[in-house]
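Comments concern the structure below.
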Amino acid sequence: MATSIATLQKAKVEKPLVGYVHSIETFGSVDGPGIRYVVFLQGCRMRCEFCHNPDTWNIGVGDEMTVDEILNDAIRYKAFWGKKGGITVSGGEALVQLDFILALFKKAKTMGINTCLDTCGQPFTYKEPFFSKFEELMKVTDVSLVDIKHIDSAQHKKLTGFNNETVLAMIQYMSEHGYHMWIRHVLVPERTDYDNYLRDLGKYIHTLNAIDKVEVLPYHTMGVKKYAELGISYPLEGIEPPSQERVVNAEKLLDTASYRGYAS
Ligand code: SF4
């Protein structure tokens, strides 16, 4: 029997909102305060040279999961979250799936769950419909982990494929509204590990409000194998992780010790 167009349209309308999930970590301890259920969403437009998850880049693929499927699974771990823990949505770039995170966080807040967004800000824009949804998202987000890949815009573009104006605009918005942030910076020899850039970044972070924590993440080579598997040439071939001395130097220049708010 032929299916009417009206029936097909109804089926389309009623399809539940799904997120495209790359993977889930049930006991995350580094992606936000406390112990967290971390959902890594699929999809990212940036191409950071140091990315250790190139398998998260493709958009619109991955395991399809609804908000309820994720929350029903996450809630099984609630006993481990304590006062600080909860759910983190990371990526890829989480904001690529803004509608889904918004629905997820809205529902999570009705269940009293702490919510954390891990983002590099690349999809941010003041244009609609994105911006109104982003504003709504901020109201149901307890803390955001925001990566600043490079404080110099031209270097940021070389490192990631995009300039840094977008992420800085997003951070400015969050700062002006007092939305809590952790700032994270990957220390990469020959790319970001220069005192002048680190000093500039440190000064910039000091101009912001509601910064609970600043973290230096040393570049590592754990993603190299994935590039080989995907048949992509590795952009940082031959660059070794920074020495402990350089990590301490970066922490000093970013003044990480003075940010001890709503942290881990
Ligand atoms: S933003 Fe994250 S997922 Fe995207 S390329 Fe950079 S490191 Fe990889």
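Quick note on naming: the chains in the structure tokens go A, B, ... in the order shown, residues restart at 1 in each chain, and ligands are numbered from 1 in order of appearance.
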All residues having an atom within 8 Å of ligand 1 (only C-alpha atoms and all ligand atoms) as a ChimeraX atom specification:
/A:43-54,56-57,91-93,119-120,122,160
Can you write out the residues you just picked, keeping C-alpha atoms, as a compact mmCIF listing (two decimals), in the first residue's frame?
```txt
# COMPACT_ATOMS: atom_id res chain seq x y z
CA GLY A 43 32.17 16.55 14.32
CA CYS A 44 34.70 19.38 14.15
CA ARG A 45 35.58 21.89 11.43
CA MET A 46 38.92 22.86 12.88
CA ARG A 47 42.05 20.97 11.92
CA CYS A 48 44.42 21.53 14.82
CA GLU A 49 47.87 20.25 13.95
CA PHE A 50 48.14 18.63 17.37
CA CYS A 51 44.64 17.07 17.34
CA HIS A 52 44.84 13.59 18.82
CA ASN A 53 41.30 12.67 17.76
CA PRO A 54 41.10 13.10 13.97
CA THR A 56 36.04 12.84 15.57
CA TRP A 57 36.24 15.30 12.64
CA GLY A 91 34.07 16.59 21.05
CA GLY A 92 35.13 16.97 18.33
CA GLU A 93 33.61 20.38 18.73
CA THR A 119 34.48 23.86 23.45
CA CYS A 120 36.96 25.62 21.18
CA GLN A 122 34.79 27.83 16.41
CA THR A 160 43.97 25.23 13.37
```
Using the chain letters and numbers from this document, which residues of region 28-69 of chain A does DSSP assign to helix (DSSP H, G or I), as a PyMOL selection string? chain A and resi 54-56+67-69
task = Excluding region 240-256 of chain A and any residue of its chain fewer than 3 positions from it, enumerate the residues within 8 Å of it, using only C-alpha atoms, and give them as a VMD selection string.
result = chain A and resid 187 to 189 193 195 198 to 199 201 to 203 205 213 to 216 218 to 221 259
Polymer residues at most 12 Å from Pro123 (chain A), only C-alpha atoms, same-chain spacing of 4 or more positions, as a list in words: Gly43, Cys44, Arg45, Met46, Gly92, Glu93, Ala94, Leu95, Val96, Gln97, Leu98, Thr119, Lys127, Phe130, Phe131, Phe134, Phe162, Asn163, Asn164, Glu165, Thr166, Val167, Leu168, Ala169 and Met170 of chain A
Could you name the residues that touch region 20-31 of chain A at 7 Å or less, counting only C-alpha atoms, but leaving out those on the same chain fewer than 5 positions away, as a PyMOL selection string? chain A and resi 36-42+56+60-65+88
Keeping only C-alpha atoms, write those residues as a short mmCIF file (atom, residue, chain, number, x, y, z; two decimals), in the first residue's frame.
```
data_model
loop_
_atom_site.label_atom_id
_atom_site.label_comp_id
_atom_site.auth_asym_id
_atom_site.auth_seq_id
_atom_site.Cartn_x
_atom_site.Cartn_y
_atom_site.Cartn_z
CA ARG A 36 32.16 13.24 35.25
CA TYR A 37 30.23 11.32 32.62
CA VAL A 38 31.80 12.65 29.43
CA VAL A 39 30.01 12.54 26.10
CA PHE A 40 32.36 13.07 23.15
CA LEU A 41 30.27 14.29 20.25
CA GLN A 42 31.24 13.70 16.67
CA THR A 56 36.04 12.84 15.57
CA GLY A 60 26.81 13.75 10.88
CA VAL A 61 28.26 10.32 11.58
CA GLY A 62 28.69 8.37 14.82
CA ASP A 63 26.26 6.60 17.15
CA GLU A 64 22.86 8.25 17.18
CA MET A 65 21.62 8.76 20.75
CA THR A 88 30.48 17.05 30.35
#
```
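With only C-alpha atoms as the atoms that count, the residue of A:Ile35, A:Ile70, A:Val143, A:Ala210 with the shortest distance to His177 (chain A) is A:Ala210.
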Q: Would you kindly return, as a PyMOL selection string, each protein, DNA or RNA residue with an atom no farther than 10 Å from any atom of Pro33 (chain A), considering only C-alpha atoms and excluding same-chain residues fewer than 6 positions away?
A: chain A and resi 81+83-88+114-116+143+182+262-264
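The residue that comes closest to Met138 (chain A), out of A:Arg191, A:His206, A:His185, A:His180 and on the basis of only C-alpha atoms, is A:His180.
For Glu136 (chain A), the residues within 10 Å (counting only C-alpha atoms, excluding itself and residues fewer than 5 positions away along the chain) are A:Leu102, A:Phe105, A:Lys106, A:Phe131, A:Thr141.
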Can you list, as a VMD selection string, all residues belonging to region 26-203 of chain A that DSSP tags as strand (DSSP E or B)? chain A and resid 26 to 28 36 to 41 63 to 66 86 to 90 114 to 119 143 to 147 181 to 187
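CA of Gly178 (chain A) is positioned 11.4 Å from CA of Ser144 (chain A).
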Nearest to Met181 (chain A), restricted to only C-alpha atoms and choosing among A:His156, A:Arg260, A:Lys109, A:His150, comes out as A:Arg260
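In this model, the gap between CA of Ile59 (chain A) and CA of Gly19 (chain A) comes to 10.9 Å.
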Counting only C-alpha atoms, closest pick from A:Glu229, A:Ser132, A:Gly223, A:Ile151 relative to Asn196 (chain A) is A:Ile151
